[in-house]
Structures are given as C-alpha cells and as structure tokens.
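Below is the file entry.txt, which contains compact mmCIF, C-alpha atoms.
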```txt
# COMPACT_ATOMS: atom_id res chain seq x y z
CA MET A 225 -4.70 -11.79 5.49
CA MET A 226 -8.47 -12.18 5.98
CA PHE A 227 -8.23 -13.70 9.49
CA TYR A 228 -5.93 -10.98 10.67
CA LYS A 229 -8.06 -8.26 9.18
CA LYS A 230 -10.81 -9.43 11.52
CA LEU A 231 -8.36 -9.52 14.43
CA CYS A 232 -7.13 -6.05 13.55
CA CYS A 233 -10.66 -4.71 13.77
CA LYS A 234 -10.64 -5.53 17.47
CA LEU A 235 -7.11 -4.34 18.08
CA CYS A 236 -7.25 -1.01 16.28
CA MET A 237 -9.58 0.95 18.52
CA LEU A 238 -6.64 3.13 19.52
CA LEU A 239 -6.62 4.78 16.12
CA SER A 240 -8.26 8.18 16.20
CA LEU A 241 -9.13 10.94 13.77
CA VAL A 242 -6.20 13.23 13.13
CA THR A 243 -6.77 16.91 12.50
CA PHE A 244 -4.61 18.66 9.94
CA GLY A 245 -4.39 22.37 9.17
CA VAL A 246 -3.27 22.84 5.58
CA ILE A 247 -2.61 25.71 3.24
CA CYS A 248 -2.26 24.60 -0.39
CA GLY A 249 -2.03 27.64 -2.69
CA LYS A 250 -5.20 28.95 -4.28
CA ALA A 251 -7.08 25.83 -3.21
CA ASP A 252 -6.88 26.95 0.47
CA LEU A 253 -7.08 23.46 1.97
CA ALA A 254 -7.64 24.55 5.55
CA TYR A 255 -9.77 21.84 7.10
CA ALA A 256 -10.46 19.54 10.00
CA GLN A 257 -11.28 15.91 9.24
CA ARG A 258 -14.66 14.77 10.46
CA ALA A 259 -16.74 11.62 10.34
CA VAL A 260 -19.52 11.57 7.75
CA SER A 261 -22.47 9.18 7.65
CA ILE A 262 -23.15 7.83 4.16
CA PRO A 263 -26.26 5.59 3.94
CA GLU A 264 -25.95 2.52 1.72
CA ASP A 265 -28.70 3.84 -0.56
CA TYR A 266 -27.19 7.33 -0.78
CA ALA A 267 -27.97 8.78 -4.21
CA ALA A 268 -24.72 9.80 -5.92
CA GLN A 269 -24.03 9.67 -9.63
CA GLU A 270 -21.12 7.55 -10.86
CA VAL A 271 -18.52 9.72 -12.57
CA LYS A 272 -16.78 8.69 -15.78
CA ALA A 273 -13.00 8.55 -15.81
CA LYS A 274 -10.17 7.76 -18.19
CA PHE A 275 -7.96 4.94 -16.92
CA ALA A 276 -4.32 4.01 -17.51
CA ALA A 277 -2.10 1.43 -15.79
CA ASN A 278 1.65 1.92 -16.09
CA GLY A 279 4.72 2.48 -13.95
CA ALA A 280 6.63 0.09 -11.73
CA THR A 281 6.49 -3.71 -11.83
CA LEU A 282 4.94 -4.86 -8.54
CA LEU A 283 6.27 -7.79 -6.52
CA PHE A 284 3.57 -8.74 -4.01
CA SER A 285 4.50 -11.01 -1.07
CA ASP A 286 1.68 -11.82 1.39
CA SER A 287 1.18 -15.59 1.22
CA PRO A 288 1.92 -17.29 3.49
CA GLU A 289 0.98 -14.33 5.64
CA MET A 290 1.33 -16.38 8.83
CA VAL A 291 4.81 -17.88 8.44
CA TYR A 292 5.25 -21.23 10.20
CA ARG A 293 8.39 -22.44 8.41
CA ASN A 294 11.68 -20.89 7.35
CA GLY A 295 12.14 -20.34 3.65
CA ILE A 296 11.67 -18.09 0.65
CA LEU A 297 8.27 -16.39 0.82
CA TYR A 298 8.45 -14.84 -2.66
CA ARG A 299 11.11 -14.44 -5.34
CA ASP A 300 11.43 -13.06 -8.84
CA THR A 301 14.08 -11.56 -11.13
CA VAL A 302 13.16 -8.11 -12.42
CA GLN A 303 14.67 -4.98 -13.97
CA GLY A 304 13.83 -1.26 -14.21
CA ARG A 305 11.31 0.43 -11.91
CA VAL A 306 10.11 -2.06 -9.29
CA ARG A 307 7.77 -1.82 -6.30
CA LEU A 308 7.89 -4.44 -3.55
CA PHE A 309 4.91 -4.84 -1.19
CA PHE A 310 5.23 -7.38 1.64
CA HIS A 311 3.10 -8.32 4.65
CA HIS A 312 4.23 -11.22 6.88
CA VAL A 313 3.85 -12.40 10.48
CA ASN A 314 6.12 -14.69 12.50
CA ALA A 315 3.58 -17.34 13.56
CA VAL A 316 5.82 -19.54 15.75
CA PRO A 317 7.31 -19.17 19.27
CA GLY A 318 10.60 -17.34 19.50
CA LYS A 319 12.16 -14.82 17.18
CA LYS A 320 12.57 -15.12 13.42
CA LYS A 321 14.36 -12.91 10.93
CA LEU A 322 12.53 -11.36 7.96
CA ALA A 323 14.75 -10.10 5.17
CA VAL A 324 14.60 -8.73 1.62
CA ILE A 325 17.60 -9.74 -0.48
CA LEU A 326 18.83 -8.29 -3.78
CA LYS A 327 21.19 -10.61 -5.64
CA ASN A 328 23.15 -10.25 -8.87
CA GLU A 329 23.19 -13.55 -10.79
CA LYS A 330 24.98 -12.14 -13.88
CA MET A 331 28.61 -11.34 -14.64
CA ARG A 332 28.13 -7.59 -15.13
CA PRO A 333 27.64 -5.42 -12.01
CA VAL A 334 24.11 -4.37 -11.03
CA HIS A 335 23.46 -0.84 -9.85
CA TYR A 336 20.38 -0.38 -7.65
CA LYS A 337 18.59 2.57 -6.08
CA ILE A 338 16.00 2.59 -3.29
CA LEU A 339 13.78 5.50 -4.32
CA ARG A 340 11.06 5.38 -1.68
CA SER A 341 10.37 3.19 1.32
CA GLY A 342 7.75 2.80 4.02
CA VAL A 343 8.22 -0.13 6.44
CA ASP A 344 6.59 -0.60 9.83
CA GLY A 345 5.44 -3.28 12.24
CA MET A 346 6.64 -4.95 15.39
CA SER A 347 3.25 -4.62 17.12
CA TYR A 348 0.09 -6.69 17.43
CA ASP A 349 -2.01 -3.95 15.81
CA TYR A 350 -1.75 -4.81 12.13
CA MET A 351 -3.97 -2.00 10.84
CA ARG A 352 -1.89 0.56 12.70
CA ASP A 353 1.28 -0.99 11.26
CA GLY A 354 -0.13 -0.70 7.75
CA LYS A 355 -1.15 2.90 8.34
CA ASN A 356 2.25 3.83 9.77
CA SER A 357 4.09 2.18 6.88
CA GLN A 358 2.13 4.33 4.44
CA GLN A 359 2.82 7.48 6.42
CA LYS A 360 6.51 6.76 5.89
CA TYR A 361 6.08 5.70 2.26
CA PHE A 362 4.21 8.85 1.22
CA ALA A 363 6.44 11.20 3.21
CA GLU A 364 7.77 14.06 1.10
CA GLN A 365 11.38 13.76 2.25
CA GLN A 366 12.91 10.46 1.16
CA LYS A 367 16.61 9.74 1.13
CA ILE A 368 17.62 7.82 -2.00
CA THR A 369 20.11 5.07 -1.20
CA GLU A 370 22.04 3.14 -3.83
CA GLY A 371 24.65 0.50 -4.29
CA THR A 372 26.39 -1.84 -6.72
CA LEU A 373 26.42 -5.64 -6.67
CA GLY A 374 29.16 -7.63 -8.34
CA PHE A 375 28.64 -11.13 -9.70
CA ASP A 376 26.99 -13.43 -7.13
CA ARG A 377 26.87 -10.64 -4.56
CA SER A 378 23.80 -9.79 -2.51
CA ALA A 379 22.49 -7.02 -0.25
CA GLU A 380 19.76 -6.95 2.39
CA ILE A 381 17.70 -3.75 2.01
CA LEU A 382 15.53 -3.55 5.18
CA SER A 383 18.35 -2.85 7.63
CA GLY A 384 21.40 -4.48 6.11
CA LYS A 385 20.85 -7.62 8.17
CA GLY A 386 17.08 -8.16 8.23
CA VAL A 387 14.51 -7.50 10.97
CA LEU A 388 13.85 -9.71 14.01
CA LEU A 389 10.18 -10.53 14.67
CA ALA A 390 8.81 -11.98 17.90
CA GLN A 391 5.89 -14.41 17.74
CA ASP A 392 2.74 -12.89 16.19
CA LYS A 393 4.58 -9.69 15.24
CA LEU A 394 4.07 -8.28 11.75
CA LEU A 395 6.35 -6.47 9.35
CA THR A 396 4.75 -4.75 6.37
CA GLY A 397 6.07 -2.31 3.84
CA THR A 398 6.28 -0.80 0.39
CA ILE A 399 9.65 -0.19 -1.27
CA ASP A 400 10.25 1.42 -4.67
CA LEU A 401 13.49 0.49 -6.44
CA GLU A 402 15.30 1.11 -9.70
CA LEU A 403 17.48 -1.71 -11.06
CA ASP A 404 19.67 -1.14 -14.12
CA LYS A 405 19.98 -4.88 -14.88
CA PRO A 406 18.00 -8.04 -14.05
CA THR A 407 18.20 -8.58 -10.29
CA GLN A 408 16.83 -11.37 -8.12
CA ILE A 409 14.63 -10.13 -5.26
CA SER A 410 13.79 -12.53 -2.44
CA VAL A 411 11.59 -12.10 0.63
CA LEU A 412 12.56 -14.69 3.26
CA MET A 413 12.11 -15.80 6.86
CA CYS A 414 14.93 -17.54 8.71
CA GLU A 415 16.58 -18.06 12.09
CA PRO A 416 18.00 -14.94 13.78
CA LYS A 417 21.62 -16.04 13.37
CA SER A 418 21.32 -17.39 9.82
CA ASP A 419 23.79 -16.15 7.24
CA LEU A 420 21.46 -14.43 4.80
CA ALA A 421 23.52 -15.00 1.65
CA ILE A 422 23.88 -18.73 2.35
CA PHE A 423 20.23 -19.10 3.39
CA ASN A 424 19.04 -17.23 0.30
CA GLU A 425 21.02 -19.62 -1.88
CA SER A 426 19.82 -22.88 -0.32
CA ALA A 427 16.36 -22.29 1.21
CA ALA A 428 13.20 -23.82 -0.20
CA ILE A 429 10.37 -21.70 -1.57
CA GLN A 430 7.35 -21.88 0.73
CA PRO A 431 3.92 -22.69 -0.72
CA MET A 432 1.10 -20.16 -0.39
CA ASP A 433 -1.47 -20.43 2.39
CA GLU A 434 -5.23 -20.49 1.70
CA HIS A 435 -5.14 -16.89 0.47
CA PRO A 436 -3.52 -16.55 -3.01
CA LEU A 437 -1.88 -13.21 -2.31
CA ARG A 438 1.45 -13.08 -4.09
CA GLY A 439 2.79 -12.57 -7.57
CA THR A 440 4.42 -10.19 -10.04
CA PHE A 441 2.27 -7.57 -11.76
CA ALA A 442 3.12 -5.10 -14.52
CA GLY A 443 1.97 -1.48 -14.34
CA SER A 444 1.30 -0.89 -10.64
CA ASP A 445 0.47 2.82 -10.97
CA TRP A 446 -3.28 3.17 -11.70
CA HIS A 447 -4.23 6.60 -13.00
CA TYR A 448 -7.81 7.89 -13.17
CA THR A 449 -8.75 11.23 -14.76
CA LEU A 450 -12.34 12.38 -14.30
CA LYS A 451 -13.76 13.34 -17.68
CA GLU A 452 -16.02 16.15 -16.41
CA PRO A 453 -15.46 18.81 -13.74
CA ILE A 454 -17.28 18.51 -10.44
CA THR A 455 -19.81 21.34 -10.18
CA GLY A 456 -21.29 20.60 -6.78
CA ALA A 457 -24.79 20.63 -8.24
CA GLU A 458 -25.25 16.98 -7.25
CA PRO A 459 -23.19 14.40 -5.32
CA VAL A 460 -20.91 12.19 -7.41
CA LYS A 461 -18.75 9.16 -6.61
CA LEU A 462 -15.94 7.01 -7.98
CA LYS A 463 -15.56 3.41 -6.80
CA LEU A 464 -12.01 2.08 -6.58
CA ALA A 465 -10.29 -1.21 -5.73
CA GLY A 466 -13.41 -3.26 -6.31
CA ALA A 467 -14.10 -6.34 -8.38
CA GLU A 468 -15.96 -4.21 -10.92
CA GLU A 469 -12.80 -2.47 -12.08
CA GLY A 470 -10.82 -5.71 -11.89
CA TYR A 471 -7.79 -6.60 -9.85
CA ALA A 472 -4.24 -6.58 -11.16
CA LYS A 473 -3.37 -9.80 -12.97
CA GLY A 474 0.07 -11.29 -13.30
CA VAL A 475 2.05 -14.44 -12.57
CA ASP A 476 3.42 -16.17 -9.48
CA ALA A 477 7.09 -16.32 -10.44
CA THR A 478 7.74 -19.19 -8.02
CA THR A 479 5.26 -21.50 -9.78
CA ASN A 480 4.67 -19.78 -13.17
CA LEU A 481 0.94 -19.97 -12.46
CA PRO A 482 -1.48 -17.07 -13.06
CA ALA A 483 -1.87 -14.69 -10.13
CA GLU A 484 -4.44 -12.07 -9.18
CA ASN A 485 -3.86 -9.32 -6.63
CA TYR A 486 -7.15 -9.52 -4.71
CA GLY A 487 -7.25 -6.09 -3.12
CA ASN A 488 -4.62 -4.43 -5.34
CA TYR A 489 -2.18 -4.18 -2.43
CA GLY A 490 0.88 -2.23 -3.54
CA VAL A 491 -1.01 -0.56 -6.39
CA VAL A 492 -0.71 3.24 -6.16
CA TYR A 493 -3.84 5.08 -7.26
CA LYS A 494 -3.80 8.62 -8.62
CA VAL A 495 -7.15 10.34 -9.21
CA ASP A 496 -7.09 13.67 -11.08
CA PHE A 497 -10.18 15.85 -10.83
CA THR A 498 -11.31 19.44 -11.34
CA ILE A 499 -13.76 21.31 -9.14
CA ASP A 500 -15.80 24.06 -10.80
CA SER A 501 -18.02 25.40 -8.05
CA ASP A 502 -18.61 28.74 -6.35
CA LYS A 503 -18.94 26.94 -3.00
CA PRO A 504 -16.54 24.53 -1.26
CA VAL A 505 -17.12 20.84 -2.09
CA SER A 506 -16.69 18.09 0.49
CA PHE A 507 -14.13 15.47 -0.57
CA ILE A 508 -14.99 12.21 1.19
CA PHE A 509 -13.23 8.85 1.52
CA ASN A 510 -15.79 6.09 2.09
CA PRO A 511 -14.41 2.60 3.01
CA ILE A 512 -17.39 0.61 1.76
CA GLY A 513 -15.45 -2.65 2.00
CA GLY A 514 -14.96 -2.43 5.75
CA TYR A 515 -12.25 -1.30 8.14
CA PHE A 516 -9.62 0.97 6.62
CA ALA A 517 -6.68 2.99 7.95
CA GLY A 518 -4.06 4.59 5.74
CA TYR A 519 -2.52 7.75 4.32
CA GLY A 520 -2.67 9.58 1.04
CA ILE A 521 -1.48 12.68 -0.77
CA LEU A 522 -3.72 15.59 -1.78
CA GLU A 523 -2.03 17.68 -4.45
CA SER A 524 -2.97 21.04 -5.99
CA GLU A 525 -1.00 23.54 -8.06
CA GLY A 526 2.29 21.79 -7.36
CA LYS A 527 1.80 21.63 -3.59
CA ARG A 528 1.33 18.32 -1.80
CA LYS A 529 -0.08 17.45 1.62
CA LEU A 530 0.12 14.14 3.45
CA ILE A 531 -3.32 13.37 4.87
CA SER A 532 -4.54 10.71 7.26
CA ILE A 533 -7.33 8.35 6.19
CA PRO A 534 -8.77 7.23 9.55
CA ALA A 535 -11.41 4.61 10.18
CA TYR A 536 -11.93 4.91 13.93
CA ASP A 537 -12.99 7.58 16.39
CA VAL A 538 -12.29 6.58 19.98
CA ALA A 539 -14.09 9.71 21.16
CA LEU A 540 -17.28 8.04 19.98
CA GLY A 541 -16.65 4.90 21.98
CA GLY A 542 -14.52 3.12 19.41
CA THR A 543 -17.22 3.15 16.74
CA ILE A 544 -16.27 2.54 13.13
CA GLU A 545 -17.04 5.47 10.87
CA GLU A 546 -18.66 4.86 7.51
CA ALA A 547 -16.69 7.66 5.88
CA VAL A 548 -14.42 10.61 6.61
CA GLU A 549 -14.43 14.04 5.02
CA LEU A 550 -10.81 14.62 4.05
CA ALA A 551 -11.16 18.26 2.98
CA LYS A 552 -13.41 21.08 1.82
CA LEU A 553 -12.12 21.99 -1.64
CA LYS A 554 -12.59 25.23 -3.56
CA ALA A 555 -12.52 25.57 -7.33
CA GLY A 556 -9.29 24.20 -8.78
CA ARG A 557 -7.46 21.14 -10.10
CA TYR A 558 -6.49 18.34 -7.74
CA SER A 559 -4.82 14.95 -7.55
CA PHE A 560 -5.45 12.38 -4.81
CA ILE A 561 -2.83 9.65 -4.45
CA TRP A 562 -3.28 6.63 -2.18
CA SER A 563 -2.60 2.91 -1.94
CA PRO A 564 -4.41 0.04 -0.16
CA PRO A 565 -2.39 -0.74 2.99
CA GLY A 566 -2.02 -4.21 4.44
CA ALA A 567 -4.82 -5.35 6.80
CA SER A 568 -7.33 -2.83 5.40
CA ASN A 569 -10.41 -3.88 3.50
CA LEU A 570 -11.58 -2.87 0.03
CA PRO A 571 -13.23 -1.48 -2.06
CA VAL A 572 -13.53 2.23 -1.33
CA GLU A 573 -15.49 5.15 -2.74
CA LEU A 574 -14.44 8.72 -3.30
CA LEU A 575 -17.38 11.11 -2.98
CA TRP A 576 -17.77 14.78 -3.80
CA ARG A 577 -20.83 16.60 -2.46
```

Conversion result in structure tokens:
Amino acid sequence: MMFYKKLCCKLCMLLSLVTFGVICGKADLAYAQRAVSIPEDYAAQEVKAKFAANGATLLFSDSPEMVYRNGILYRDTVQGRVRLFFHHVNAVPGKKKLAVILKNEKMRPVHYKILRSGVDGMSYDYMRDGKNSQQKYFAEQQKITEGTLGFDRSAEILSGKGVLLAQDKLLTGTIDLELDKPTQISVLMCEPKSDLAIFNESAAIQPMDEHPLRGTFAGSDWHYTLKEPITGAEPVKLKLAGAEEGYAKGVDATTNLPAENYGNYGVVYKVDFTIDSDKPVSFIFNPIGGYFAGYGILESEGKRKLISIPAYDVALGGTIEEAVELAKLKAGRYSFIWSPPGASNLPVELLWR
C-alpha cells in the first residue's frame, strides 16, 4: 500500500473541497468546509478519553496489494458480526476477476445478511476510490440483502460473479455481514472466465508482499468518549490511529502467525464529545500523517450527516491542506464516526478551538 499511497498523492489533485449545508436540530450545523493551517508546534491540550474496543470481527485483506498471481488473497472462517475490508490491484496485463466468496463447510444451512457495504474502484486514482467507497459505506440508506447456503454451497457477494479489473485498476471496499453459523470467507483473484466455486476450492493461498497488511482482528469498533466537556476556553486535540494508541492486533488465519493492522484499516472510530460554550467551536480534522481523503458521520440529537473529509483544494493550485474545518458547533452532544480508507495516511488529529 505504501508505494501506491505515494502514487495516489500525484493522481488525486482532482479532489476538491466539498461544501455542505446542514441543519442538525439544536446543534444548527450550518457550515461551509474550509482549509485551516495548523502549525506543527500548535499549542493544544491533549484531551482524556475513555476507550472501548468491541463490535464486529474484522477480516483485513490488503497483502499482496499488487496482485501478480491468481489465488486466494485472504481467507478465514468466522461467525456473528463480521466486517471485511479489502484493497487490491490487478498488477498484470489483461483483465482479472476479483471476488469475495462465502462458503458453508458444515451440514447445517448458513444464513447470512449483508448489513452495510461500500465498494468502489476501477480507476487509477486510488485515494478517490477509497473516498468514494466510504461515501457509499456511510450512506444512511442501505439495503440489507440476505441468503441461505446449504452444505458445500457458496455465494459471491460483490456482484454475484465477481468484478473484472483491468491492469493497474483497484477495487477497495468495506462490507459488514452477519453470519448465524461459521462461514468461510475468501477474497480471491482469478481469470475472468474461471468458475468461482471450483477456483475457490482448489486455488493456492498467496503469500503476503513486503507490507504485512492482512489478518483477522476482534473488536473493530473503537469507541472514544471524552471525559470532560469542551468549553472553548483553550484549543484541545485527540490523536487517533497512531502508534501511541496501538494498532489492532490479531492473527493471519492463512498462516496462524500474529498480525498487526498497521493503520487500523477497516476499524470504525466513534468519538463522543460534549461542547459547553456560549460561542461556536471549530471542529477540525487534521491529517498529520499525510494525504487523506474520506468520509465520516457527524451525529447530534439523533440526527446524522454524511460529511466529506477532503485533503486537496484544486482552487489553490492543487496544494495539500494541513487540516480542514468540518463544522462550527454550538453547545450540545455530538458523535463523530469515521474509518481510515485505503490509500490514505495516518495518524490524524481531531481539534476543537
């Protein structure tokens, strides 16, 4: 992923700041996003927060990112709430087929539900693909699809027959599922005309590339609750997705070796905070790790708004902004929900000032 993050930086200059007009109850979230300069030595106090990790089991498939050979890219057998995050590129001439297969290996039928999905790609702009996939994933309206698998039956869940990728094209996505019994999940790359069920049964598992970015991780919902309200008297910040807080740790189910999710891709963050101020407070997303482009949810009093998290402003000659003010927030209680998209860099800071 690291090489293509650098490539994306050059390709993503078409991304621009998006302006949203929002009304969110008492909070009155009417705002226009704007670039904000945050010096490296900016004085902001670190806030204290309660932390809990729970929720879906995460299957993370991103190594090999550049796929040169047909095979199984990641596989595990899981049950219950599951989140799949994948990020793969066809690295050879001609078209290849990327597919995600559910298979029932037990006698009793498996019932599955796809609760939420955001998949995008098919371009050479990998940051834009990651951003677009999150726009779909966090969209309010999601159609739940479900099905049943008998013994030794399988189903492909991207399109029913996989997705064709031309050379150097990416497909990335996040899919939330619910499985009532243990179910094998496989991410694979094969020839366009391959029979997916047969290929899934016989294909070899591909080794990782130089970036150890795959594995299975418990508790992929990371919840932060600020211990004290934000008064606006002084700027405060919360650093997320950095080495200081630690990355998710799990196991590579294909090798049974320890795995670490460097970047926490597929982890969904929820930050709860209260503003107690007689003046609006700027809520700022600061990508201190480098280039970033994604989406998130700002929630208040039961109302939710999908908001863009841009990193570029083509009006300023394609310069990379240090930070973006997402909203001006009045007194009230809020939640901010986001997830690191593929091809974006970490860590990030949330600032209130």

Would you list the contacts of Gly474 of chain A as a tab-separated table (two decimals) with C-alpha atoms, keeping the file's coordinate frame, taking every protein, DNA or RNA residue within 10 Å and counting all atoms listed in the file, but skipping same-chain residues closer than 5 positions in sequence?
```tsv
chain	number	residue	atom	x	y	z
A	282	LEU	CA	4.94	-4.86	-8.54
A	283	LEU	CA	6.27	-7.79	-6.52
A	438	ARG	CA	1.45	-13.08	-4.09
A	439	GLY	CA	2.79	-12.57	-7.57
A	440	THR	CA	4.42	-10.19	-10.04
A	441	PHE	CA	2.27	-7.57	-11.76
A	442	ALA	CA	3.12	-5.10	-14.52
A	480	ASN	CA	4.67	-19.78	-13.17
A	481	LEU	CA	0.94	-19.97	-12.46
A	482	PRO	CA	-1.48	-17.07	-13.06
A	483	ALA	CA	-1.87	-14.69	-10.13
A	484	GLU	CA	-4.44	-12.07	-9.18
A	485	ASN	CA	-3.86	-9.32	-6.63
```

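Proximity to Gly304 of chain A at 8 Å, evaluated using all atoms listed in the file and with sequence-adjacent residues fewer than 2 positions away removed, yields Ala280, Val302, Val306, Leu401, Glu402, Leu403, Asp404, Lys405 and Pro406 of chain A.
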
- [ ] Can you work out which one of A:Ser285, A:Lys367, A:Ala323, A:Lys355 has the shortest atom-to-atom distance to Gly386 of chain A, counting all atoms listed in the file?
- [x]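 Of A:Ser285, A:Lys367, A:Ala323, A:Lys355, the one nearest Gly386 of chain A is A:Ala323, counting all atoms listed in the file.
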
- [ ] Record the distance separating atom CA of Pro288 of chain A and atom CA of Gln430 of chain A, expressed in Å with one decimal.
- [x]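 Separation between atom CA of Pro288 of chain A and atom CA of Gln430 of chain A: 7.6 Å.
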
- [ ] Return the single residue from A:Ser506, A:Thr281, A:Thr407, A:Thr398 that is closest to Met331 of chain A, with distances computed using only C-alpha atoms.
- [x]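 For Met331 of chain A, the nearest of the given residues is A:Thr407.
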
TODO: Would you mind listing what lies within 9 Å of Phe516 of chain A as an MDAnalysis selection string, with all atoms listed in the file counted and same-chain residues fewer than 2 positions away left out?
DONE: chainID A and resid 351 355 511 513:514 518 533:536 564:565 567:570 572

Open item on the list: So the first atom is atom CA of Pro431 of chain A and the second is atom CA of Asn314 of chain A; what is the distance between them in Å, to one decimal place?
Closed with: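 It comes out at 15.6 Å.
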
Open item on the list: Nearest residue to Ile561 of chain A out of A:Leu574, A:Val492, A:Ile512, A:Ile531, using all atoms listed in the file?
Closed with: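 Closest to Ile561 of chain A, using all atoms listed in the file: A:Val492.
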
Open item on the list: Ranking A:Val505, A:Glu434, A:Asn294, A:Gly318 by minimum distance to Glu458 of chain A and counting all atoms listed in the file, which one comes first?
Closed with: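 Of A:Val505, A:Glu434, A:Asn294, A:Gly318, the one nearest Glu458 of chain A, counting all atoms listed in the file, is A:Val505.
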
Taking all atoms of segment 370-385 of chain A that the file lists and extending 6 Å past them on each side, where is the centre of the axis-aligned box and how long are its edges? Answer in Å to one decimal, as AutoDock Vina command-line options.
```
--center_x 22.3 --center_y -5.1 --center_z -0.8 --size_x 25.6 --size_y 28.6 --size_z 29.9
```

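Counting all atoms listed in the file, the residue from A:Ile422, A:Ala467, A:Val334, A:Val343 that sits nearest to Ser357 of chain A is A:Val343.
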
Task: Point (18.5, 3.7, -5.8), cut-off 8 Å, counting only C-alpha atoms, residues as a list in words - done: His335, Tyr336, Lys337, Ile338, Leu339, Ile368, Thr369, Glu370, Gly371, Leu401, Glu402 and Leu403 of chain A

Task: Coordinates-based distance that separates atom CA of Leu530 of chain A from atom CA of Lys552 of chain A (Å, one decimal) - done: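 Interatomic distance here is 15.3 Å.
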
Residues at most 6 Å from segment 378-383 of chain A, counting only C-alpha atoms, excluding those fewer than 2 positions away in the same chain, as a tab-separated table (two decimals) with C-alpha atoms, in the coordinates of the input?
```tsv
chain	number	residue	atom	x	y	z
A	324	VAL	CA	14.60	-8.73	1.62
A	325	ILE	CA	17.60	-9.74	-0.48
A	326	LEU	CA	18.83	-8.29	-3.78
A	327	LYS	CA	21.19	-10.61	-5.64
A	385	LYS	CA	20.85	-7.62	8.17
A	386	GLY	CA	17.08	-8.16	8.23
```

TODO: Find, counting all atoms listed in the file, the residue in A:Asn328, A:Gly490, A:Pro436, A:Pro504 that gets nearest to Ala421 of chain A.
DONE: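 Using all atoms listed in the file, the shortest distance to Ala421 of chain A belongs to A:Asn328.
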
TODO: Place a sphere of radius 6 Å on (-12.8, 8.8, 3.6) in the file coordinates and name every protein, DNA or RNA residue with an atom inside or on its surface, counting all atoms listed in the file; give the answer as a VMD selection string.
DONE: chain A and resid 508 to 510 547 to 549

TODO: Please provide as a list in words all residues within 9 Å of Gly456 of chain A, with the sequence filter that same-chain residues fewer than 3 positions apart are discarded (counting all atoms listed in the file).
DONE: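 Contacts, in chain order: Pro459, Val460, Ile499, Asp500, Ser501, Asp502, Lys503, Pro504, Val505, Ser506, Trp576 and Arg577 of chain A.
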